[in-house]
Amino acid sequence: MSKSYCLGIESTADDFGVGIVSFEGEILANINDSYIPKKGGIHPREAARHHADIAGKIITEAIKKSKIEPKELTLIAFSQGPGLGPCLRTGATAARSLASFLNLPLVGVNHCVAHIEIGKLTTGSLDPLTLYVSGGNTIVSAYESSRYRIFGETLDIAVGNCLDVFVRESGIEFEKGKAPGRIVEELAAKGKKYIQLPYTVKGMDLSFSGLLTAALSLLKEKKYNIEDVCFSFQETAFSMLTEVTERALAHTEKKEVLLTGGVAANTRLQTMLETMSEEHNARFSVVPKGYSADNGVMIAWTGVLSFLHGITVPVERSFVKTKWRLDEVEVPWVEKRNIN
Amino acid sequence: MKKEILIKKGAEASLYLQNWHNRKVIMKKRLSKKYRIQELDRTIQAQRTKRESQIMHKAKEAGVPNPIVYFVDLLNSTIVMEFIEGKQVKQVLNDLPSNERIKICKHIGELVGKLHVAGIMHGDLTTSNMILTLKDDIVFIDFGLSEQTWEVEARGVDLHLMKRAIMSTHFMHADECFKAVIDGYEKVLGKKATAEVLDKITEIERRGRYITER
C-alpha cells in the first residue's frame with residue numbers, strides 16, 4: 001500500500017509556512033518565509049500581501065523538497081485560527097484551492113493545538129503540562145477529558161509581543177529579520193545587575209503590560225545600561241512564566257513539562273523550566289529549533305491526527321476563526337495515543 | 001525552636017506545626033525557588049509574606065476570624081501564626097443534616113461578604129481553607145493568594161472559585177450550599193451589589209474558559 005501524506009499551510013501572523021508529513025509522522029519538508037515589516041510591527045494587510053505573493057513559490061518548494069508528487073498527497077491542512085484575519089484568509093485560500101484542484105479532503109487546524117502536537121511529536125512527550133509562549137499567545141495547558149484545558153494564560157499581551165515591542169521601542173539597532181527575543185537574550189547574557197521591575201502573577205494567570213512599560217521607562221531614564229535592563233526584563237518575565245507553570249504542574253500532577261512556541265528557543269527560559277521540572281521529578285522537553293516558531297509541519301501533523309479521527313471541513317464552510325480558543329477544540333486522538 | 005512537624009508542602013510554602021513559647025503554632029515558610037535569581041526571589045518572598053500578614057490583619061478588622069499572627073520574619077519569609085483547633089469544613093459539610101449545612105454555608109457567605117466589603121479577595125475560597133472550630137465558629141485560613149481590590153470582577157472571580165470548589169467537593173449538595181452562601185453574602189452586601197456579582201459570575205462562566213459550564 002502506498003503511503004499517505006499531508007500538506008499543511010500556516011499563516012496566522014507574519015510567517016507563511018508549508019510542511020509535508022507522512023501519516024506516520026515523518027517530516028518531509030518544512031519551508032517558511034517571513035514578512036519583515038519596513039518599520040514597526042506586523043501590519044496585517046501587508047503581511048497578507050506578502051503571503052499571497054510567495055504562497056505559490058513556497059508550496060512548490062516544499063513539494064520539491066519532499067520528493068513526492070502532488071498527486072501522492074492525501075490531505076490538505078491549514079491553520080484556521082486564532083490569528084490575524086487577512087493572514088489567515090490568505091493561507092486558507094491557498095489551502096482551499098489546493099484541496100479543490102487535487103480533489104482532496106481539507107482540515108482546519110487550531111494553531112495552538114498544533115504547537116502542542118508538534119512538541120509532542122518531536123520530543124516524544126506523551127501527556128505533558130505545556131507552556132506555549134509566542135508572539136501572540138502565552139498559555140499553560142494540559143490535557144484533561146477530551147481537550148487541552150487552559151490552566152493559566154496572559155491577561156493582556158503575550159510574552160513574545162512584550163519582547164518584540166520592547167526591542168522596537170528601545171531603539172536597539174539590529175539586523176532585519178532577527179528575532180527580537182534573540183536580541184534580548186544576547187544582551188541579557190552580558191547584564192549583571194538586577195533592577196526591580198513589576199512582577200505580575202495572579203493565581204495561574206500573568207500580565208506583561210506593566211513590565212513592558214516599566215522596562216521602557218528604565219531605558220528612557222538612561223540611568224542603566226541596556227544589558228542590565230535586558231537582563232532584568234528577561235529574568236522577571238521568565239520567572240513569572242516558570243512560577244505559573246510550576247503551580248499548574250503541582251495542580252495537575254503531570255509528569256512531563258513541554259516548552260513550545262517561538263519564545264521556546266530562549267535558553268534562559270529553558271534552563272529555568274528545567275530547574276523547576278527537576279524539583280518536581282518531571283521530565284522536561286523543549287521543541288527543537290525549526291519547529292518552535294510558526295511552521296507548516298505542525299499544521300500538517302495536527303491535520304493528520306484530526307483526519308484520522310474523522311475531522312474534516314467542507315471548503316464552503318472553511319471560514320477562518322480569528323479568536324478560536326485552544327480549549328474549544330476536541331482532541332479525540334490524545335486519549336488513544338496515551339493508552340498505546 | 002523545638003521539634004516541628006511538616007503538615008503540608010505546597011508549591012508555594014511549607015507548613016510546620018510546632019511549639020513556640022508554649023503556644024501551638026503554625027509556621028508558614030515560603031520556599032525559595034532555585035530557578036529565580038536570588039535578588040528577585042528574596043524580593044518576591046518578602047513582599048508576599050508581608051502582604052499576607054497585612055491582609056490577615058485587615059480581615060480581622062473586617063470581622064472575619066483568622067489565625068492570630070504572632071511573628072513575621074521577612075528575612076526568612078516566615079509567618080508564625082495561631083494553630084486553629086477544629087476540622088476543615090470540607091471534612092464535615094457532607095455529613096451534616098441539611099439545616100446545619102445551610103446554616104454553615106450561610107455563615108460562610110456572610111464572612112465572604114465582609115471580606116469583599118473591606119476590599120479583600122481571599123483568592124482561594126475552598127472549603128479546605130475554612131475551619132469549623134470547637135466552639136462552632138468558622139475561621140478562614142491561607143490568605144497566601146489574597147489581594148486588595150474593590151472591583152466587581154474580582155469579587156466575581158473569588159465567588160466563582162468558591163462555586164467551583166463546592167461543585168467538585170460537595171456535588172451532592174452543591175446547589176443548596178451555594179444558594180446558602182449567596183443568601184449570607186446578600187445579607188452583608190445587599191441585593192443590588194449581590195446581583196451585580198452574580199451577573200459577573202455568569203459572565204465569567206460564559207467566557208469560554210469554563211466552557212463545560214455553558
# chains A, B, ... in the order shown; residues from 1 in each chain; ligands from 1
call {"tool": "select_by_dssp", "arguments": {"residues": "region 203-330 of chain A", "states": "strand (DSSP E)", "output": "ChimeraX atom specification"}}
result
/A:205-206,256-260,283-286
call {"tool": "residues_around", "arguments": {"residues": "region 267-282 of chain A", "least_positions_apart": "3", "cutoff": "6 Å", "atoms": "only C-alpha atoms", "output": "list in words"}}
result
Phe238, Thr242, Lys255 and Glu256 of chain A; Tyr35 of chain B
call {"tool": "select_by_dssp", "arguments": {"residues": "region 81-261 of chain A", "states": "helix (DSSP H, G or I)", "output": "NGL selection string"}}
result
:A and (85-102 or 111-123 or 159-170 or 180-189 or 209-221 or 226-252)
call {"tool": "write_last_selection", "arguments": {"atoms": "C-alpha atoms", "output": "mmCIF file, in the first residue's frame"}}
result
data_model
loop_
_atom_site.group_PDB
_atom_site.id
_atom_site.type_symbol
_atom_site.label_atom_id
_atom_site.label_comp_id
_atom_site.auth_asym_id
_atom_site.auth_seq_id
_atom_site.Cartn_x
_atom_site.Cartn_y
_atom_site.Cartn_z
ATOM 1 C CA GLY A 85 -7.808 37.784 9.755
ATOM 2 C CA PRO A 86 -6.146 38.828 6.469
ATOM 3 C CA CYS A 87 -3.194 36.457 7.012
ATOM 4 C CA LEU A 88 -5.427 33.528 7.954
ATOM 5 C CA ARG A 89 -7.627 34.107 4.923
ATOM 6 C CA THR A 90 -4.644 34.086 2.570
ATOM 7 C CA GLY A 91 -3.445 30.715 3.849
ATOM 8 C CA ALA A 92 -6.999 29.367 3.821
ATOM 9 C CA THR A 93 -7.462 30.455 0.213
ATOM 10 C CA ALA A 94 -4.294 28.643 -0.839
ATOM 11 C CA ALA A 95 -5.376 25.511 1.062
ATOM 12 C CA ARG A 96 -8.884 25.575 -0.398
ATOM 13 C CA SER A 97 -7.577 25.886 -3.950
ATOM 14 C CA LEU A 98 -5.127 23.021 -3.446
ATOM 15 C CA ALA A 99 -7.824 20.812 -1.933
ATOM 16 C CA SER A 100 -10.270 21.612 -4.733
ATOM 17 C CA PHE A 101 -7.707 21.270 -7.501
ATOM 18 C CA LEU A 102 -6.272 17.980 -6.236
ATOM 19 C CA HIS A 111 -2.846 26.893 15.645
ATOM 20 C CA CYS A 112 -2.377 26.480 19.434
ATOM 21 C CA VAL A 113 -3.232 22.768 19.338
ATOM 22 C CA ALA A 114 -0.673 22.432 16.518
ATOM 23 C CA HIS A 115 2.113 23.972 18.646
ATOM 24 C CA ILE A 116 1.415 21.380 21.350
ATOM 25 C CA GLU A 117 1.180 18.464 18.906
ATOM 26 C CA ILE A 118 4.440 19.281 17.116
ATOM 27 C CA GLY A 119 6.136 19.473 20.509
ATOM 28 C CA LYS A 120 4.824 16.042 21.407
ATOM 29 C CA LEU A 121 5.790 14.571 18.031
ATOM 30 C CA THR A 122 9.345 15.912 18.062
ATOM 31 C CA THR A 123 10.167 15.257 21.732
ATOM 32 C CA VAL A 159 5.289 37.431 26.344
ATOM 33 C CA GLY A 160 6.658 37.346 22.782
ATOM 34 C CA ASN A 161 4.770 40.502 21.948
ATOM 35 C CA CYS A 162 6.214 42.066 25.090
ATOM 36 C CA LEU A 163 9.757 41.224 23.908
ATOM 37 C CA ASP A 164 9.077 42.431 20.339
ATOM 38 C CA VAL A 165 7.686 45.784 21.389
ATOM 39 C CA PHE A 166 10.464 46.271 23.931
ATOM 40 C CA VAL A 167 13.157 45.798 21.284
ATOM 41 C CA ARG A 168 11.385 48.001 18.733
ATOM 42 C CA GLU A 169 10.696 50.838 21.139
ATOM 43 C CA SER A 170 14.143 50.667 22.722
ATOM 44 C CA PRO A 180 13.744 40.313 18.914
ATOM 45 C CA GLY A 181 13.761 37.656 21.625
ATOM 46 C CA ARG A 182 17.195 36.566 20.448
ATOM 47 C CA ILE A 183 18.466 40.141 20.686
ATOM 48 C CA VAL A 184 17.222 40.500 24.256
ATOM 49 C CA GLU A 185 18.749 37.143 25.138
ATOM 50 C CA GLU A 186 22.183 38.114 23.796
ATOM 51 C CA LEU A 187 22.188 41.464 25.579
ATOM 52 C CA ALA A 188 20.832 39.926 28.792
ATOM 53 C CA ALA A 189 23.708 37.426 28.850
ATOM 54 C CA SER A 209 1.900 45.113 30.027
ATOM 55 C CA GLY A 210 3.159 46.697 33.260
ATOM 56 C CA LEU A 211 6.530 45.038 32.859
ATOM 57 C CA LEU A 212 6.855 46.358 29.304
ATOM 58 C CA THR A 213 6.016 49.932 30.267
ATOM 59 C CA ALA A 214 8.376 49.856 33.246
ATOM 60 C CA ALA A 215 11.279 48.349 31.272
ATOM 61 C CA LEU A 216 10.881 51.005 28.571
ATOM 62 C CA SER A 217 10.847 53.826 31.092
ATOM 63 C CA LEU A 218 14.037 52.429 32.632
ATOM 64 C CA LEU A 219 15.686 52.788 29.246
ATOM 65 C CA LYS A 220 14.356 56.318 28.771
ATOM 66 C CA GLU A 221 15.794 57.334 32.158
ATOM 67 C CA ILE A 226 20.899 48.268 28.071
ATOM 68 C CA GLU A 227 22.441 44.922 29.077
ATOM 69 C CA ASP A 228 21.239 45.250 32.666
ATOM 70 C CA VAL A 229 17.751 46.285 31.579
ATOM 71 C CA CYS A 230 17.509 43.305 29.210
ATOM 72 C CA PHE A 231 18.806 41.010 31.957
ATOM 73 C CA SER A 232 16.241 42.270 34.483
ATOM 74 C CA PHE A 233 13.445 42.253 31.918
ATOM 75 C CA GLN A 234 14.167 38.677 30.927
ATOM 76 C CA GLU A 235 14.646 37.400 34.496
ATOM 77 C CA THR A 236 11.334 38.940 35.560
ATOM 78 C CA ALA A 237 9.276 37.761 32.595
ATOM 79 C CA PHE A 238 10.654 34.210 32.620
ATOM 80 C CA SER A 239 10.411 33.808 36.399
ATOM 81 C CA MET A 240 6.735 34.703 36.104
ATOM 82 C CA LEU A 241 6.276 32.086 33.388
ATOM 83 C CA THR A 242 8.105 29.431 35.381
ATOM 84 C CA GLU A 243 6.114 30.193 38.510
ATOM 85 C CA VAL A 244 2.726 29.713 36.854
ATOM 86 C CA THR A 245 3.970 26.584 35.107
ATOM 87 C CA GLU A 246 5.076 25.222 38.483
ATOM 88 C CA ARG A 247 1.686 25.971 40.029
ATOM 89 C CA ALA A 248 -0.108 24.226 37.194
ATOM 90 C CA LEU A 249 2.291 21.296 37.451
ATOM 91 C CA ALA A 250 1.594 20.888 41.164
ATOM 92 C CA HIS A 251 -2.120 21.190 40.478
ATOM 93 C CA THR A 252 -2.352 18.759 37.549
#
call {"tool": "atom_distance", "arguments": {"atom1": "CA of Asn30 (chain A)", "atom2": "CA of Asp127 (chain A)"}}
result
25.2 Å
call {"tool": "closest_residue", "arguments": {"among": "B:Ile26, B:Leu40, B:Leu15, B:Leu159", "to": "chain A", "atoms": "only C-alpha atoms"}}
result
B:Leu40
